[in-house]
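Comments concern the structure below.
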Amino acid sequence: MPRKKILVSGCFDMLHSGHVAFLTEAAAMGDLYVCIGSDETVKNLKGRYPVNTQEERKYMLEAMAAVHECRINTGSGILDFLQELNEIRPDILVVNHDGHTPQKEQLCRESGIEYVVLERKPFAELPARSTTALRDHCDIPFRIDLAGGWLDQPFVSKYHPGPVLTISIEPGVAFNHRSGMASSTRNKAIDLWKTSLPKTDPEKTARILFSYENPPGTNEVAGSQDALGIVLPGLNHLFYAGGYWPTKIISVNEEGILQWLEQHLWLINLGPREHDFVVLENTNVTAEGAKALADSAEKCWQAILEKDLEQFGQSFSDSFHAQVAMFPNMADGNIYRLIDTYKEEVKGYKLSGAGGGGYLILVSEKPVSNALQVRIRRKGWL
């Protein structure tokens, strides 16, 4: 009986014990074909070139006893392996937990290929490894805006003041470039401070970062919620009233609330948005729309403080719908079809990014299959 063909695809830069454990587990299912992203594809997905070139990565993978064959993908984007998949015709596509995307799962369903998601786990007593951690050793956080996003732009909050709610996220996951996690602002922070935020007044640090990202003459100013969301630990209520900087900041670092949020937030990986995507096209900012966004964000804030999961989920979704009403390019039919698959099992949903990229963030009472959880940065951790 012929052995099954197993396909895995990824970057596999700076080959480490985590890669070996994953590939060994996948190879136990049959003959393992490894398809790697080209240098240009990795650059577009992760925002930087790999340390090892595509030919070096291919050479090292083919030297592994577990690997039957390695190919360099000819496509681009998160499904850059389509041609290779059609040529190899695998029986099983294997991904690790943080490499799962609905697009890959749907592709397998349509192609009659078994889809297997493996948990990222180290071998025996070895430490957990990721290429990002090995390459960066960087403690600078990401951020998620929970509700009210766009009110940090004066052309929105001038119509109606309101809050943006942010949480600062530990970089334990290699979040996608261009995914709505403030990765561009984080890269500016890395330019300034390399691996860690300075241990000075957080608001002053955020002002420095905001100014560095938006020098004089900047055409499209990045909102200050990005800088503040990265720098301020915990949960933050940033109130905007027609300016680039909030008029009031309320920070919450109560352990019970932060743990409650971590328990109920789940992220589905959608991959980074396209480079030519323009979110500001078709914009329809109105006083009514700004008020709906502000009101839903304030309700979301109160729900979090009261740990009211039903209200949190409802206002979380309402804030997303208020955003899309003013910025229709934020979501498309594919996003709504994906949301429909989760609606019955979750309390709320929104996108971290815009235009179909980033992560679908779900509010759920129960664990969500193949979803990521985040760890909120606590005060004093850096």
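Each chain in the structure tokens gets a letter, A, B and so on, in the order shown; residues start at 1 in every chain, and ligands are counted from 1 in the order they appear.
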
Just the residues within 10 Å of range 188-203 of chain A, please, counting only C-alpha atoms, with nothing from its chain fewer than 2 positions along; format it as number ranges by chain.
A: 136-141, 183-186, 205-210, 212-213, 227-228, 230-233, 249, 380, 382

Would you put the residues from that selection into a file with N, CA and C atoms, as a CSV table (one decimal), in the first residue's frame?
```
chain,number,residue,atom,x,y,z
A,136,ASP,N,14.6,38.0,17.2
A,136,ASP,CA,14.4,39.4,17.7
A,136,ASP,C,14.9,39.5,19.2
A,137,HIS,N,14.5,38.6,20.0
A,137,HIS,CA,14.7,38.7,21.5
A,137,HIS,C,14.1,40.1,21.8
A,138,CYS,N,12.9,40.4,21.3
A,138,CYS,CA,12.3,41.7,21.4
A,138,CYS,C,11.1,41.6,22.3
A,139,ASP,N,11.1,42.5,23.3
A,139,ASP,CA,9.9,42.5,24.3
A,139,ASP,C,8.9,43.6,24.0
A,140,ILE,N,9.1,44.3,22.9
A,140,ILE,CA,8.2,45.4,22.6
A,140,ILE,C,6.8,44.8,22.2
A,141,PRO,N,5.7,45.3,22.8
A,141,PRO,CA,4.4,44.7,22.6
A,141,PRO,C,3.8,45.0,21.3
A,183,SER,N,1.7,46.7,14.0
A,183,SER,CA,3.0,46.2,13.7
A,183,SER,C,3.9,47.3,13.1
A,184,SER,N,3.3,48.2,12.3
A,184,SER,CA,4.1,49.3,11.7
A,184,SER,C,4.6,50.2,12.8
A,185,THR,N,3.8,50.6,13.7
A,185,THR,CA,4.2,51.4,14.9
A,185,THR,C,5.2,50.7,15.7
A,186,ARG,N,5.0,49.4,15.9
A,186,ARG,CA,6.0,48.6,16.7
A,186,ARG,C,7.3,48.6,16.0
A,205,THR,N,6.7,58.4,26.7
A,205,THR,CA,7.2,57.4,25.7
A,205,THR,C,6.3,57.3,24.5
A,206,ALA,N,5.0,57.2,24.7
A,206,ALA,CA,4.1,57.1,23.6
A,206,ALA,C,4.1,58.4,22.7
A,207,ARG,N,4.2,59.5,23.3
A,207,ARG,CA,4.3,60.8,22.5
A,207,ARG,C,5.6,60.8,21.7
A,208,ILE,N,6.7,60.3,22.2
A,208,ILE,CA,7.9,60.2,21.4
A,208,ILE,C,7.7,59.3,20.2
A,209,LEU,N,7.1,58.1,20.5
A,209,LEU,CA,6.8,57.2,19.4
A,209,LEU,C,5.9,57.7,18.3
A,210,PHE,N,4.8,58.4,18.8
A,210,PHE,CA,3.8,59.0,17.9
A,210,PHE,C,4.5,60.0,17.0
A,212,TYR,N,7.7,60.3,16.2
A,212,TYR,CA,8.7,59.6,15.4
A,212,TYR,C,8.0,59.0,14.1
A,213,GLU,N,6.8,58.4,14.4
A,213,GLU,CA,6.1,57.8,13.3
A,213,GLU,C,5.4,58.8,12.3
A,227,ALA,N,0.4,54.0,19.1
A,227,ALA,CA,1.6,54.2,20.0
A,227,ALA,C,1.1,54.0,21.5
A,228,LEU,N,0.0,54.6,21.9
A,228,LEU,CA,-0.5,54.4,23.2
A,228,LEU,C,-0.8,53.0,23.6
A,230,ILE,N,0.5,50.3,22.3
A,230,ILE,CA,1.7,49.5,22.5
A,230,ILE,C,2.3,49.8,23.9
A,231,VAL,N,2.4,51.1,24.2
A,231,VAL,CA,3.2,51.5,25.3
A,231,VAL,C,2.5,51.4,26.7
A,232,LEU,N,1.2,51.7,26.7
A,232,LEU,CA,0.5,51.6,28.0
A,232,LEU,C,0.1,50.2,28.3
A,233,PRO,N,0.5,49.6,29.4
A,233,PRO,CA,0.2,48.3,29.8
A,233,PRO,C,-1.3,48.1,30.1
A,249,ILE,N,-7.1,59.8,29.6
A,249,ILE,CA,-6.6,58.4,29.5
A,249,ILE,C,-7.0,57.7,30.8
A,380,GLY,N,4.6,47.0,34.8
A,380,GLY,CA,5.8,46.6,35.5
A,380,GLY,C,6.6,45.4,34.8
A,382,LEU,N,7.9,45.3,31.8
A,382,LEU,CA,9.0,45.7,31.0
A,382,LEU,C,9.9,46.6,31.8
```

Do you know which residues are at most 10 Å from Pro161 in chain A counting only C-alpha atoms, after dropping those on the same chain fewer than 6 positions away, and could you put them as a PDB file with N, CA and C atoms, in the first residue's frame?
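Written out: selection14.pdb:
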```pdb
ATOM      1  N   LEU A 151     -11.719  56.640  16.063  1.00  0.00           N
ATOM      2  CA  LEU A 151     -11.993  57.874  16.796  1.00  0.00           C
ATOM      3  C   LEU A 151     -10.707  58.610  17.171  1.00  0.00           C
ATOM      4  N   ASP A 152      -9.568  57.962  17.010  1.00  0.00           N
ATOM      5  CA  ASP A 152      -8.303  58.675  17.244  1.00  0.00           C
ATOM      6  C   ASP A 152      -7.915  59.543  16.053  1.00  0.00           C
ATOM      7  N   PRO A 154      -8.846  62.816  13.932  1.00  0.00           N
ATOM      8  CA  PRO A 154      -9.663  64.030  14.087  1.00  0.00           C
ATOM      9  C   PRO A 154     -10.803  64.137  13.075  1.00  0.00           C
ATOM     10  N   PHE A 239      -9.795  58.762  25.378  1.00  0.00           N
ATOM     11  CA  PHE A 239     -10.937  59.575  24.952  1.00  0.00           C
ATOM     12  C   PHE A 239     -10.479  60.682  23.996  1.00  0.00           C
ATOM     13  N   TYR A 240     -11.061  60.688  22.784  1.00  0.00           N
ATOM     14  CA  TYR A 240     -10.697  61.644  21.741  1.00  0.00           C
ATOM     15  C   TYR A 240     -11.845  62.611  21.475  1.00  0.00           C
ATOM     16  N   ALA A 241     -11.479  63.878  21.264  1.00  0.00           N
ATOM     17  CA  ALA A 241     -12.489  64.917  21.031  1.00  0.00           C
ATOM     18  C   ALA A 241     -12.015  65.875  19.944  1.00  0.00           C
ATOM     19  N   GLY A 242     -11.683  65.305  18.778  1.00  0.00           N
ATOM     20  CA  GLY A 242     -11.306  66.135  17.642  1.00  0.00           C
ATOM     21  C   GLY A 242      -9.830  66.423  17.516  1.00  0.00           C
ATOM     22  N   GLY A 243      -8.998  65.787  18.307  1.00  0.00           N
ATOM     23  CA  GLY A 243      -7.552  65.990  18.226  1.00  0.00           C
ATOM     24  C   GLY A 243      -6.818  64.690  17.995  1.00  0.00           C
ATOM     25  N   PRO A 246      -5.454  61.961  22.882  1.00  0.00           N
ATOM     26  CA  PRO A 246      -6.652  61.898  23.730  1.00  0.00           C
ATOM     27  C   PRO A 246      -6.651  62.994  24.800  1.00  0.00           C
ATOM     28  N   THR A 247      -7.847  63.454  25.121  1.00  0.00           N
ATOM     29  CA  THR A 247      -7.977  64.465  26.184  1.00  0.00           C
ATOM     30  C   THR A 247      -7.974  63.822  27.560  1.00  0.00           C
ATOM     31  N   ALA A 287     -21.792  62.397  11.391  1.00  0.00           N
ATOM     32  CA  ALA A 287     -22.010  62.593  12.824  1.00  0.00           C
ATOM     33  C   ALA A 287     -22.745  61.399  13.423  1.00  0.00           C
ATOM     34  N   ALA A 290     -20.218  58.487  13.676  1.00  0.00           N
ATOM     35  CA  ALA A 290     -19.247  58.688  14.748  1.00  0.00           C
ATOM     36  C   ALA A 290     -19.889  58.475  16.113  1.00  0.00           C
ATOM     37  N   LYS A 291     -21.135  58.918  16.270  1.00  0.00           N
ATOM     38  CA  LYS A 291     -21.838  58.726  17.540  1.00  0.00           C
ATOM     39  C   LYS A 291     -22.081  57.240  17.804  1.00  0.00           C
ATOM     40  N   LEU A 293     -20.300  54.774  16.792  1.00  0.00           N
ATOM     41  CA  LEU A 293     -19.007  54.190  17.147  1.00  0.00           C
ATOM     42  C   LEU A 293     -18.639  54.535  18.587  1.00  0.00           C
ATOM     43  N   ALA A 294     -18.820  55.784  18.960  1.00  0.00           N
ATOM     44  CA  ALA A 294     -18.492  56.221  20.320  1.00  0.00           C
ATOM     45  C   ALA A 294     -19.383  55.541  21.353  1.00  0.00           C
ATOM     46  N   ASP A 295     -20.668  55.453  21.065  1.00  0.00           N
ATOM     47  CA  ASP A 295     -21.607  54.848  22.017  1.00  0.00           C
ATOM     48  C   ASP A 295     -21.302  53.363  22.222  1.00  0.00           C
TER      49      ASP A 295
END
```

Got a sec to tell me which of range 123-264 of chain A DSSP assigns to helix (DSSP H, G or I), as number ranges by chain?
A: 131-136, 154-157, 183-193, 202-213, 224-231, 255-264

From a DSSP calculation on the backbone, collect every residue of range 176-339 of chain A in strand (DSSP E or B) and output the set as a ChimeraX atom specification.
/A:235-240,248-252,265-271

Write the residues of the preceding selection, restricted to C-alpha atoms, as a compact mmCIF listing (two decimals), in the first residue's frame.
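Listed below is the output, selection_37.txt:
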```txt
# COMPACT_ATOMS: atom_id res chain seq x y z
CA LEU A 235 -6.49 47.92 29.31
CA ASN A 236 -6.85 51.58 28.32
CA HIS A 237 -9.72 53.98 27.65
CA LEU A 238 -8.42 56.77 25.36
CA PHE A 239 -10.94 59.57 24.95
CA TYR A 240 -10.70 61.64 21.74
CA LYS A 248 -8.22 61.80 28.90
CA ILE A 249 -6.64 58.42 29.53
CA ILE A 250 -7.99 55.82 31.96
CA SER A 251 -5.85 52.73 32.53
CA VAL A 252 -6.95 49.47 34.16
CA LEU A 265 -10.70 36.69 23.38
CA TRP A 266 -9.79 34.34 20.52
CA LEU A 267 -7.98 35.20 17.26
CA ILE A 268 -8.45 33.51 13.88
CA ASN A 269 -5.50 34.09 11.55
CA LEU A 270 -6.53 35.66 8.22
CA GLY A 271 -3.06 36.55 6.99
```

In terms of the shortest atom-to-atom distance over only C-alpha atoms, which of A:Phe312, A:Glu345, A:Phe142, A:Glu25 is closest to Asn187 in chain A?
A:Phe142

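The list of residues with at least one atom within 9 Å of range 256-258 of chain A, based on only C-alpha atoms and without residues fewer than 6 positions apart in the same chain, reads Gly234, Leu235, Ile304, Leu305, Glu306, Lys307, Arg375, Ile376 and Arg378 of chain A.
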
Go ahead and write the residues just picked, N, CA and C atoms, as a short mmCIF file (atom, residue, chain, number, x, y, z; two decimals), in the first residue's frame.
```
data_model
loop_
_atom_site.label_atom_id
_atom_site.label_comp_id
_atom_site.auth_asym_id
_atom_site.auth_seq_id
_atom_site.Cartn_x
_atom_site.Cartn_y
_atom_site.Cartn_z
N GLY A 234 -1.77 46.87 30.09
CA GLY A 234 -3.14 46.59 30.51
C GLY A 234 -4.18 47.05 29.53
N LEU A 235 -5.33 47.44 30.07
CA LEU A 235 -6.49 47.92 29.31
C LEU A 235 -6.57 49.43 29.43
N ILE A 304 -16.84 45.48 30.06
CA ILE A 304 -15.59 44.89 30.51
C ILE A 304 -15.41 45.11 32.01
N LEU A 305 -15.64 46.32 32.46
CA LEU A 305 -15.48 46.63 33.89
C LEU A 305 -16.42 45.79 34.74
N GLU A 306 -17.61 45.50 34.21
CA GLU A 306 -18.59 44.70 34.95
C GLU A 306 -18.47 43.20 34.64
N LYS A 307 -17.55 42.84 33.77
CA LYS A 307 -17.36 41.45 33.33
C LYS A 307 -18.68 40.85 32.84
N ARG A 375 -1.80 37.25 25.43
CA ARG A 375 -1.42 37.55 26.81
C ARG A 375 -1.25 39.06 26.93
N ILE A 376 -2.04 39.67 27.77
CA ILE A 376 -1.99 41.12 27.95
C ILE A 376 -0.79 41.49 28.81
N ARG A 378 1.22 43.19 31.54
CA ARG A 378 0.92 43.77 32.83
C ARG A 378 1.84 44.94 33.15
#
```

Enter the distance from CA of Ser111 in chain A to CA of Val8 in chain A, in Å, rounded to one decimal.
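Value for the CA of Ser111 in chain A-CA of Val8 in chain A distance: 15.5 Å.
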
If you measure from CA of Leu79 in chain A to CA of Ile36 in chain A, what distance in Å do you get, rounded to one decimal?
11.1 Å

Expressed in Å to a single decimal, how great is the separation between CA of Lys104 in chain A and CA of Ala65 in chain A?
26.5 Å

Shell around range 347-364 of chain A at 7 Å using only C-alpha atoms, local window under 2 positions removed, as a PDB file with N, CA and C atoms, in the first residue's frame:
```
ATOM      1  N   ILE A 144      -4.023  45.561  20.514  1.00  0.00           N
ATOM      2  CA  ILE A 144      -5.335  45.312  19.912  1.00  0.00           C
ATOM      3  C   ILE A 144      -6.240  46.466  20.314  1.00  0.00           C
ATOM      4  N   ASN A 176       1.227  38.529  12.295  1.00  0.00           N
ATOM      5  CA  ASN A 176       1.485  38.882  10.901  1.00  0.00           C
ATOM      6  C   ASN A 176       1.766  40.369  10.734  1.00  0.00           C
ATOM      7  N   ARG A 178       1.244  43.809   8.797  1.00  0.00           N
ATOM      8  CA  ARG A 178       0.048  44.400   8.197  1.00  0.00           C
ATOM      9  C   ARG A 178      -1.216  43.639   8.620  1.00  0.00           C
ATOM     10  N   SER A 179      -1.372  43.485   9.940  1.00  0.00           N
ATOM     11  CA  SER A 179      -2.497  42.694  10.431  1.00  0.00           C
ATOM     12  C   SER A 179      -3.351  43.439  11.441  1.00  0.00           C
ATOM     13  N   GLY A 180      -3.195  44.754  11.560  1.00  0.00           N
ATOM     14  CA  GLY A 180      -4.016  45.507  12.485  1.00  0.00           C
ATOM     15  C   GLY A 180      -3.590  45.392  13.927  1.00  0.00           C
ATOM     16  N   MET A 181      -2.387  44.875  14.171  1.00  0.00           N
ATOM     17  CA  MET A 181      -1.862  44.752  15.530  1.00  0.00           C
ATOM     18  C   MET A 181      -0.847  45.848  15.832  1.00  0.00           C
ATOM     19  N   HIS A 264     -11.543  35.244  27.288  1.00  0.00           N
ATOM     20  CA  HIS A 264     -12.680  35.301  26.365  1.00  0.00           C
ATOM     21  C   HIS A 264     -12.344  35.857  24.976  1.00  0.00           C
ATOM     22  N   LEU A 265     -11.095  36.199  24.704  1.00  0.00           N
ATOM     23  CA  LEU A 265     -10.700  36.693  23.385  1.00  0.00           C
ATOM     24  C   LEU A 265      -9.960  35.606  22.616  1.00  0.00           C
ATOM     25  N   TRP A 266     -10.377  35.377  21.373  1.00  0.00           N
ATOM     26  CA  TRP A 266      -9.794  34.342  20.522  1.00  0.00           C
ATOM     27  C   TRP A 266      -9.541  34.912  19.134  1.00  0.00           C
ATOM     28  N   LEU A 267      -8.375  34.622  18.541  1.00  0.00           N
ATOM     29  CA  LEU A 267      -7.979  35.195  17.255  1.00  0.00           C
ATOM     30  C   LEU A 267      -7.874  34.121  16.183  1.00  0.00           C
ATOM     31  N   ILE A 268      -8.548  34.364  15.053  1.00  0.00           N
ATOM     32  CA  ILE A 268      -8.454  33.508  13.877  1.00  0.00           C
ATOM     33  C   ILE A 268      -7.546  34.195  12.860  1.00  0.00           C
ATOM     34  N   ASN A 269      -6.502  33.521  12.449  1.00  0.00           N
ATOM     35  CA  ASN A 269      -5.503  34.094  11.547  1.00  0.00           C
ATOM     36  C   ASN A 269      -6.058  34.208  10.130  1.00  0.00           C
ATOM     37  N   LEU A 270      -6.073  35.429   9.586  1.00  0.00           N
ATOM     38  CA  LEU A 270      -6.526  35.662   8.218  1.00  0.00           C
ATOM     39  C   LEU A 270      -5.377  35.967   7.273  1.00  0.00           C
ATOM     40  N   GLY A 271      -4.177  36.126   7.812  1.00  0.00           N
ATOM     41  CA  GLY A 271      -3.059  36.555   6.990  1.00  0.00           C
ATOM     42  C   GLY A 271      -3.037  38.062   6.843  1.00  0.00           C
ATOM     43  N   PRO A 272      -1.913  38.622   6.384  1.00  0.00           N
ATOM     44  CA  PRO A 272      -1.822  40.081   6.222  1.00  0.00           C
ATOM     45  C   PRO A 272      -2.676  40.576   5.067  1.00  0.00           C
ATOM     46  N   ARG A 273      -3.103  41.838   5.144  1.00  0.00           N
ATOM     47  CA  ARG A 273      -3.894  42.402   4.052  1.00  0.00           C
ATOM     48  C   ARG A 273      -2.982  42.699   2.867  1.00  0.00           C
ATOM     49  N   PHE A 277      -4.022  47.615  -0.867  1.00  0.00           N
ATOM     50  CA  PHE A 277      -5.328  47.902  -0.293  1.00  0.00           C
ATOM     51  C   PHE A 277      -5.385  49.332   0.239  1.00  0.00           C
ATOM     52  N   VAL A 279      -7.840  51.562   2.535  1.00  0.00           N
ATOM     53  CA  VAL A 279      -9.014  51.505   3.400  1.00  0.00           C
ATOM     54  C   VAL A 279      -9.851  52.777   3.317  1.00  0.00           C
ATOM     55  N   GLU A 310     -22.132  38.925  27.823  1.00  0.00           N
ATOM     56  CA  GLU A 310     -23.141  39.141  26.791  1.00  0.00           C
ATOM     57  C   GLU A 310     -23.049  40.560  26.235  1.00  0.00           C
ATOM     58  N   GLY A 313     -19.751  41.134  24.245  1.00  0.00           N
ATOM     59  CA  GLY A 313     -19.806  40.597  22.889  1.00  0.00           C
ATOM     60  C   GLY A 313     -20.667  41.435  21.966  1.00  0.00           C
ATOM     61  N   GLN A 314     -21.829  41.882  22.454  1.00  0.00           N
ATOM     62  CA  GLN A 314     -22.739  42.677  21.633  1.00  0.00           C
ATOM     63  C   GLN A 314     -22.126  44.024  21.255  1.00  0.00           C
ATOM     64  N   PHE A 316     -18.975  44.841  21.311  1.00  0.00           N
ATOM     65  CA  PHE A 316     -17.780  44.544  20.519  1.00  0.00           C
ATOM     66  C   PHE A 316     -18.161  44.464  19.040  1.00  0.00           C
ATOM     67  N   SER A 317     -19.209  43.707  18.746  1.00  0.00           N
ATOM     68  CA  SER A 317     -19.699  43.589  17.368  1.00  0.00           C
ATOM     69  C   SER A 317     -20.279  44.906  16.871  1.00  0.00           C
ATOM     70  N   PHE A 320     -17.632  47.203  15.669  1.00  0.00           N
ATOM     71  CA  PHE A 320     -17.137  46.784  14.356  1.00  0.00           C
ATOM     72  C   PHE A 320     -18.090  47.224  13.251  1.00  0.00           C
ATOM     73  N   ASN A 329     -14.599  49.628   3.092  1.00  0.00           N
ATOM     74  CA  ASN A 329     -13.514  48.785   2.599  1.00  0.00           C
ATOM     75  C   ASN A 329     -12.880  47.925   3.683  1.00  0.00           C
ATOM     76  N   MET A 330     -13.296  48.139   4.934  1.00  0.00           N
ATOM     77  CA  MET A 330     -12.713  47.353   6.025  1.00  0.00           C
ATOM     78  C   MET A 330     -13.050  45.868   5.912  1.00  0.00           C
ATOM     79  N   ALA A 331     -14.160  45.530   5.301  1.00  0.00           N
ATOM     80  CA  ALA A 331     -14.573  44.129   5.224  1.00  0.00           C
ATOM     81  C   ALA A 331     -15.214  43.855   3.873  1.00  0.00           C
ATOM     82  N   ASP A 332     -15.140  42.592   3.458  1.00  0.00           N
ATOM     83  CA  ASP A 332     -15.769  42.213   2.191  1.00  0.00           C
ATOM     84  C   ASP A 332     -16.634  40.965   2.407  1.00  0.00           C
ATOM     85  N   ILE A 335     -15.165  38.030   4.384  1.00  0.00           N
ATOM     86  CA  ILE A 335     -15.113  38.222   5.837  1.00  0.00           C
ATOM     87  C   ILE A 335     -16.465  37.915   6.461  1.00  0.00           C
ATOM     88  N   LYS A 366     -16.517  29.860  25.430  1.00  0.00           N
ATOM     89  CA  LYS A 366     -15.803  28.595  25.355  1.00  0.00           C
ATOM     90  C   LYS A 366     -14.619  28.728  24.395  1.00  0.00           C
ATOM     91  N   PRO A 367     -13.629  27.837  24.510  1.00  0.00           N
ATOM     92  CA  PRO A 367     -12.509  27.853  23.565  1.00  0.00           C
ATOM     93  C   PRO A 367     -12.987  27.710  22.123  1.00  0.00           C
TER      94      PRO A 367
END
```

Out of A:Leu82, A:Val374, A:Ile88, A:Val51, which residue has the shortest atom-to-atom distance to Glu69 in chain A when counting only C-alpha atoms?
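Checking each of A:Leu82, A:Val374, A:Ile88, A:Val51 against Glu69 in chain A, counting only C-alpha atoms, the winner is A:Ile88.
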
Within 9 Å of Arg120 in chain A, counting only C-alpha atoms, which residues show up once you throw out same-chain ones fewer than 5 positions away? Write them as a list in words, please.
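So, after excluding close chain neighbours, the residues are Gly18, Ala21, Phe22, Asn96, His97, Asp98 and Ala128 of chain A.
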